[in-house]
Amino acid sequence: MEALLELFALTGFDDVTWRMMVMWVVVGGLLYLAVAKNFEPLLLVPIAFGALLANLPTAGIINEPHNGEPGGLFYYIQQGIHLEIFPPLIFLGVGALTDFGPVIANPRMFLLGAAAQFGVFATFIGAILIGFTDMEAAAIGIIGGADGPTSIFLANALAPELLAPIAVAAYSYMALVPLLQPPIMRALTTEHERKIRMTSLRQVSKLEKLVFALTVTLLVILLVPAASPLIFMLMLGNFLRECGVTERLSKAAQNEVINAVTIFLGTSVGVTMTGERFLTAETLKILALGVVAFGISTAAGVLMAKTMNLFGREKINPLIGSAGVSAVPMAARVSQVEGQRADPSNFLLMHAMGPNVAGVIGTAVVAGYFIAVLGGAG
């Protein structure tokens with residue numbers, strides 16, 4: 001019996017806490033959304049496994065360096081977040097995967113991408129009113145942009161102690177775009193508006209796309225230098241895609257680079273989700289504020305499209321306004337699906353990609369603005 005007790009002492013069972021077990025349930029929920037519902041599985045599966053690791057009595061894999069001893073594996077992998085490496089690399093892949101032609105062909109779509117930022121600023125104010133600091137409120141508000149890498153980038157810069165709940169909220173709501181957006185879209189539009197057919201987009205030349213990437217890089221970095229890592233990598237990825245002479249690099253950014261970084265980014269975020277840090281009233285507030293931010297961003301994009309229709313001759317289907325959030329290309333697909341529910345022969349996907357791309361740029365600019373204004377004050 002004594003030998004059995006000694007053997008049991010060598011296991012990790014005695015170190016399991018109730019908080020760990022609660023987090024196992026959270027992990028199960030994330031895996032259910034990813035595997036059973038196919039909601040952002042490429043992100044939620046690594047996050048869930050990282051969270052599982054964080055809530056097990058591991059030996060050394062997460063430890064920080066101590067007394068000359070090296071740190072654990074994930075201490076070093078997490079430096080990709082702390083040193084602001086992973087989010088820009090994700091943006092490199094996003095740029096290489098995304099066609100910016102729709103927003104170039106119809107620059108008015110920048111207004112819809114800008115409108116989606118209302119959710120960010122409204123939630124920023126709301127978070128301050130319920131007790132968060134300015135920097136914490138900014139990091140929470142950016143969830144409204146529905147851009148996971150930007151949320152992580154800003155949280156790491158302004159409120160690293162809130163990184164886990166902010167990242168989980170951002171990626172969870174990105175995954176739930178097909179459930180969260182449609183009720184808001186339908187509530188704010190009439191059936192007639194949902195059936196609006198938009199004129200075909202003109203063909204955008206390669207030269208226009210290359211000039212666009214360079215121009216956005218110059219203008220945004222000059223105006224908001226703090227957004228440089230995200231904007232530079234986004235536009236570099238897109239230039240690699242469009243220039244026609246770097247196909248190998250473009251394919252690497254679209255596949256090997258973004259896939260590998262997604263694994264490391266997701267698991268690094270998950271590893272921060274310890275029960276002690278995650279199971280707090282503060283986390284519940286952040287999750288609630290994230291829903292508010294996302295809802296306001298979606299509504300603002302739809303309402304902006306309706307407002308533009310009051311003044312323009314070429315009507316915009318308001319459903320594409322919801323794609324002003326940065327969840328590329330899922331938000332654009334939701335616009336397409338909702339449009340086809342009203343008119344099965346309507347095709348909105350390419351039109352919706354315009355505000356979708358604009359939203360990515362807009363959210364990165366807002367993040368840079370918050371870092372510039374609040375980061376120095378911290």
# chains A, B, ... in the order shown; residues from 1 in each chain; ligands from 1
call {"tool": "closest_atom_pairs", "arguments": {"of": "region 48-139 of chain A", "to": "region 268-276 of chain A", "cutoff": "6 Å", "atoms": "only C-alpha atoms", "output": "Markdown table"}}
result
| residue | atom | partner | partner_atom | distance |
| --- | --- | --- | --- | --- |
| A:Gly50 | CA | A:Gly270 | CA | 4.0 |
| A:Ala51 | CA | A:Gly270 | CA | 4.1 |
| A:Ala54 | CA | A:Val271 | CA | 4.8 |
| A:Asn55 | CA | A:Thr274 | CA | 5.7 |
| A:Gln78 | CA | A:Ser268 | CA | 5.2 |
call {"tool": "residues_around", "arguments": {"residues": "region 134-138 of chain A", "least_positions_apart": "4", "cutoff": "6 Å", "atoms": "only C-alpha atoms", "output": "list in words"}}
result
Phe124, Ala127, Ile128, Leu158 and Ala159 of chain A
call {"tool": "write_last_selection", "arguments": {"atoms": "C-alpha atoms", "output": "PDB file, in the first residue's frame"}}
result
ATOM      1  CA  PHE A 124     -13.955  51.337 -25.593  1.00  0.00           C
ATOM      2  CA  ALA A 127     -15.429  49.387 -20.893  1.00  0.00           C
ATOM      3  CA  ILE A 128     -14.122  52.559 -19.265  1.00  0.00           C
ATOM      4  CA  LEU A 158      -1.572  47.617 -23.890  1.00  0.00           C
ATOM      5  CA  ALA A 159      -3.017  44.968 -21.555  1.00  0.00           C
TER       6      ALA A 159
END
call {"tool": "residues_around", "arguments": {"residues": "Ala96 (chain A)", "least_positions_apart": "2", "cutoff": "8 Å", "atoms": "only C-alpha atoms", "output": "ChimeraX atom specification"}}
result
/A:92-94,98,234,236-241,250-251,253-254
call {"tool": "residues_around", "arguments": {"residues": "Leu230 (chain A)", "least_positions_apart": "6", "cutoff": "7 Å", "atoms": "only C-alpha atoms", "output": "PyMOL selection string"}}
result
chain A and resi 88+91+364
call {"tool": "write_last_selection", "arguments": {"atoms": "C-alpha atoms", "output": "PDB file, in the first residue's frame"}}
result
ATOM      1  CA  PRO A  88       2.291  40.331 -38.396  1.00  0.00           C
ATOM      2  CA  PHE A  91      -1.128  39.323 -41.762  1.00  0.00           C
ATOM      3  CA  ALA A 364      -5.166  47.713 -37.997  1.00  0.00           C
TER       4      ALA A 364
END
call {"tool": "residues_around", "arguments": {"residues": "region 324-330 of chain A", "least_positions_apart": "6", "cutoff": "8 Å", "atoms": "only C-alpha atoms", "output": "PyMOL selection string"}}
result
chain A and resi 112-117+144-147+174+177-178+297-298+301+353+355-360+363
call {"tool": "write_last_selection", "arguments": {"atoms": "C-alpha atoms", "output": "compact mmCIF listing (two decimals), in the first residue's frame"}}
result
# COMPACT_ATOMS: atom_id res chain seq x y z
CA LEU A 112 -18.31 50.50 -44.73
CA GLY A 113 -15.01 49.26 -43.31
CA ALA A 114 -14.72 52.50 -41.34
CA ALA A 115 -18.30 52.21 -40.08
CA ALA A 116 -17.51 48.85 -38.51
CA GLN A 117 -15.03 50.61 -36.23
CA GLY A 144 -15.40 44.57 -32.35
CA GLY A 145 -13.18 44.50 -35.40
CA ALA A 146 -13.43 40.68 -35.42
CA ASP A 147 -9.71 40.45 -36.17
CA MET A 174 -15.01 35.25 -35.41
CA VAL A 177 -19.99 35.05 -37.35
CA PRO A 178 -22.53 32.83 -39.18
CA SER A 297 -19.79 46.86 -35.59
CA THR A 298 -22.13 44.67 -37.62
CA GLY A 301 -21.84 48.64 -41.29
CA MET A 353 -15.06 41.43 -50.08
CA PRO A 355 -15.76 46.23 -47.08
CA ASN A 356 -14.17 43.05 -45.69
CA VAL A 357 -10.73 44.12 -46.92
CA ALA A 358 -11.38 47.71 -45.85
CA GLY A 359 -12.26 46.43 -42.38
CA VAL A 360 -8.93 44.61 -42.07
CA THR A 363 -8.96 47.73 -37.64
call {"tool": "atom_distance", "arguments": {"atom1": "CA of Val373 (chain A)", "atom2": "CA of Ser322 (chain A)"}}
result
27.9 Å
call {"tool": "select_by_dssp", "arguments": {"residues": "region 131-322 of chain A", "states": "helix (DSSP H, G or I)", "output": "CSV table (one decimal) with C-alpha atoms, in the first residue's frame"}}
result
chain,number,residue,atom,x,y,z
A,134,ASP,CA,-8.0,53.2,-20.9
A,135,MET,CA,-5.5,50.7,-22.1
A,136,GLU,CA,-7.6,47.7,-21.1
A,137,ALA,CA,-10.7,49.3,-22.6
A,138,ALA,CA,-8.9,49.8,-25.9
A,139,ALA,CA,-7.7,46.2,-26.0
A,140,ILE,CA,-11.2,45.0,-25.3
A,141,GLY,CA,-12.9,47.3,-27.8
A,142,ILE,CA,-10.8,46.0,-30.7
A,143,ILE,CA,-12.7,42.7,-30.4
A,144,GLY,CA,-15.4,44.6,-32.3
A,145,GLY,CA,-13.2,44.5,-35.4
A,148,GLY,CA,-7.9,37.9,-34.0
A,149,PRO,CA,-4.3,38.8,-34.8
A,150,THR,CA,-5.0,42.5,-34.3
A,151,SER,CA,-6.7,41.8,-31.0
A,152,ILE,CA,-3.7,39.8,-29.8
A,153,PHE,CA,-1.3,42.5,-31.1
A,154,LEU,CA,-3.1,45.3,-29.3
A,155,ALA,CA,-3.7,43.3,-26.1
A,156,ASN,CA,0.0,42.4,-25.9
A,157,ALA,CA,0.9,46.1,-26.3
A,158,LEU,CA,-1.6,47.6,-23.9
A,160,PRO,CA,-1.0,41.7,-21.6
A,161,GLU,CA,-2.7,40.5,-18.5
A,162,LEU,CA,-6.0,40.3,-20.4
A,163,LEU,CA,-4.5,38.6,-23.5
A,164,ALA,CA,-6.2,35.2,-22.9
A,165,PRO,CA,-9.8,36.3,-22.5
A,166,ILE,CA,-9.5,38.9,-25.3
A,167,ALA,CA,-8.0,36.4,-27.7
A,168,VAL,CA,-10.5,33.8,-26.9
A,169,ALA,CA,-13.4,36.3,-27.2
A,170,ALA,CA,-12.0,37.6,-30.6
A,171,TYR,CA,-11.5,34.2,-32.1
A,172,SER,CA,-14.7,32.7,-30.7
A,173,TYR,CA,-16.8,35.5,-32.1
A,174,MET,CA,-15.0,35.3,-35.4
A,175,ALA,CA,-16.0,31.6,-35.4
A,177,VAL,CA,-20.0,35.1,-37.3
A,178,PRO,CA,-22.5,32.8,-39.2
A,179,LEU,CA,-24.7,32.8,-36.0
A,180,LEU,CA,-24.2,36.3,-34.6
A,181,GLN,CA,-24.5,38.4,-37.7
A,182,PRO,CA,-27.6,37.2,-39.6
A,183,PRO,CA,-30.2,38.2,-37.0
A,184,ILE,CA,-28.8,41.7,-36.8
A,185,MET,CA,-28.6,41.9,-40.6
A,186,ARG,CA,-32.2,40.8,-41.0
A,187,ALA,CA,-33.5,43.1,-38.2
A,191,GLU,CA,-36.7,42.2,-47.8
A,192,HIS,CA,-36.6,44.7,-50.7
A,193,GLU,CA,-33.2,45.9,-49.5
A,194,ARG,CA,-31.9,42.4,-49.2
A,206,LYS,CA,-2.3,44.3,-61.9
A,207,LEU,CA,-0.7,47.8,-61.9
A,208,GLU,CA,-3.6,49.2,-59.9
A,209,LYS,CA,-3.2,46.5,-57.3
A,210,LEU,CA,0.5,47.0,-57.0
A,211,VAL,CA,0.2,50.8,-56.7
A,212,PHE,CA,-2.6,50.3,-54.1
A,213,ALA,CA,-0.4,48.1,-51.9
A,214,LEU,CA,2.5,50.5,-52.1
A,215,THR,CA,0.2,53.6,-51.5
A,216,VAL,CA,-1.6,52.1,-48.5
A,217,THR,CA,1.8,51.1,-47.0
A,218,LEU,CA,3.2,54.6,-47.4
A,219,LEU,CA,0.1,56.5,-46.2
A,220,VAL,CA,-0.9,54.3,-43.3
A,221,ILE,CA,2.6,54.1,-41.9
A,222,LEU,CA,3.2,57.8,-42.2
A,223,LEU,CA,-0.2,58.6,-40.6
A,225,PRO,CA,3.5,54.5,-37.4
A,226,ALA,CA,2.4,52.2,-34.6
A,227,ALA,CA,0.4,50.1,-37.2
A,228,SER,CA,3.5,49.5,-39.2
A,229,PRO,CA,4.1,45.8,-38.4
A,230,LEU,CA,0.5,44.8,-39.4
A,231,ILE,CA,0.1,47.0,-42.5
A,232,PHE,CA,3.6,46.4,-43.8
A,233,MET,CA,3.2,42.6,-43.7
A,234,LEU,CA,-0.4,42.7,-45.0
A,235,MET,CA,0.7,44.7,-48.1
A,236,LEU,CA,3.9,42.8,-48.6
A,237,GLY,CA,1.8,39.6,-48.7
A,238,ASN,CA,-0.6,41.1,-51.2
A,239,PHE,CA,2.3,42.5,-53.4
A,240,LEU,CA,3.8,39.0,-53.5
A,241,ARG,CA,0.5,37.7,-54.6
A,242,GLU,CA,-0.1,40.3,-57.3
A,247,GLU,CA,4.8,32.9,-56.9
A,248,ARG,CA,6.9,30.6,-54.7
A,249,LEU,CA,7.0,33.2,-51.9
A,250,SER,CA,3.3,34.0,-52.3
A,251,LYS,CA,2.4,30.3,-52.0
A,252,ALA,CA,4.7,29.9,-49.0
A,253,ALA,CA,2.9,32.8,-47.3
A,254,GLN,CA,-0.5,31.4,-48.2
A,255,ASN,CA,0.3,27.9,-46.9
A,256,GLU,CA,3.4,26.9,-45.0
A,257,VAL,CA,4.0,30.2,-43.2
A,258,ILE,CA,0.5,31.0,-42.1
A,259,ASN,CA,-0.3,27.4,-41.2
A,260,ALA,CA,2.8,27.0,-39.0
A,261,VAL,CA,2.3,30.4,-37.3
A,262,THR,CA,-1.4,29.6,-36.7
A,263,ILE,CA,-0.5,26.5,-34.8
A,264,PHE,CA,2.1,28.3,-32.6
A,265,LEU,CA,-0.2,31.4,-32.2
A,266,GLY,CA,-3.2,29.3,-31.2
A,267,THR,CA,-1.4,27.1,-28.7
A,268,SER,CA,0.5,30.1,-27.2
A,269,VAL,CA,-2.8,31.9,-26.6
A,270,GLY,CA,-4.4,28.7,-25.1
A,271,VAL,CA,-1.4,28.2,-22.8
A,275,GLY,CA,-8.1,28.5,-14.5
A,276,GLU,CA,-6.8,31.1,-12.0
A,277,ARG,CA,-6.5,33.7,-14.7
A,278,PHE,CA,-9.5,32.9,-16.8
A,281,ALA,CA,-15.6,38.1,-13.2
A,282,GLU,CA,-13.3,40.3,-15.3
A,283,THR,CA,-13.3,37.6,-18.0
A,284,LEU,CA,-17.1,37.4,-18.1
A,285,LYS,CA,-17.2,41.2,-18.5
A,286,ILE,CA,-14.8,41.0,-21.4
A,287,LEU,CA,-16.8,38.2,-23.1
A,288,ALA,CA,-20.0,40.3,-22.7
A,289,LEU,CA,-18.3,43.4,-24.0
A,290,GLY,CA,-16.9,41.5,-27.0
A,291,VAL,CA,-20.5,40.5,-28.0
A,292,VAL,CA,-21.6,44.1,-27.7
A,293,ALA,CA,-18.6,45.3,-29.8
A,294,PHE,CA,-19.2,42.8,-32.5
A,295,GLY,CA,-22.9,43.5,-32.6
A,296,ILE,CA,-22.4,47.3,-32.9
A,297,SER,CA,-19.8,46.9,-35.6
A,298,THR,CA,-22.1,44.7,-37.6
A,299,ALA,CA,-25.1,47.0,-37.2
A,300,ALA,CA,-23.0,50.1,-38.0
A,301,GLY,CA,-21.8,48.6,-41.3
A,302,VAL,CA,-25.4,47.8,-42.3
A,303,LEU,CA,-26.7,51.2,-41.3
A,304,MET,CA,-23.9,53.0,-43.1
A,305,ALA,CA,-24.8,51.2,-46.4
A,306,LYS,CA,-28.4,52.2,-45.9
A,307,THR,CA,-27.3,55.8,-45.4
A,308,MET,CA,-25.1,55.7,-48.5
A,309,ASN,CA,-28.2,54.6,-50.5
A,310,LEU,CA,-29.9,57.9,-49.6
A,311,PHE,CA,-27.3,59.9,-51.5
A,318,PRO,CA,-27.0,46.8,-47.1
A,319,LEU,CA,-26.1,43.2,-46.3
A,320,ILE,CA,-22.6,43.8,-47.5
A,321,GLY,CA,-22.2,46.4,-44.8
A,322,SER,CA,-21.9,43.7,-42.2
call {"tool": "atom_distance", "arguments": {"atom1": "CA of Val16 (chain A)", "atom2": "CA of Leu56 (chain A)"}}
result
7.0 Å
call {"tool": "atom_distance", "arguments": {"atom1": "CA of Ile361 (chain A)", "atom2": "CA of Ser200 (chain A)"}}
result
23.5 Å
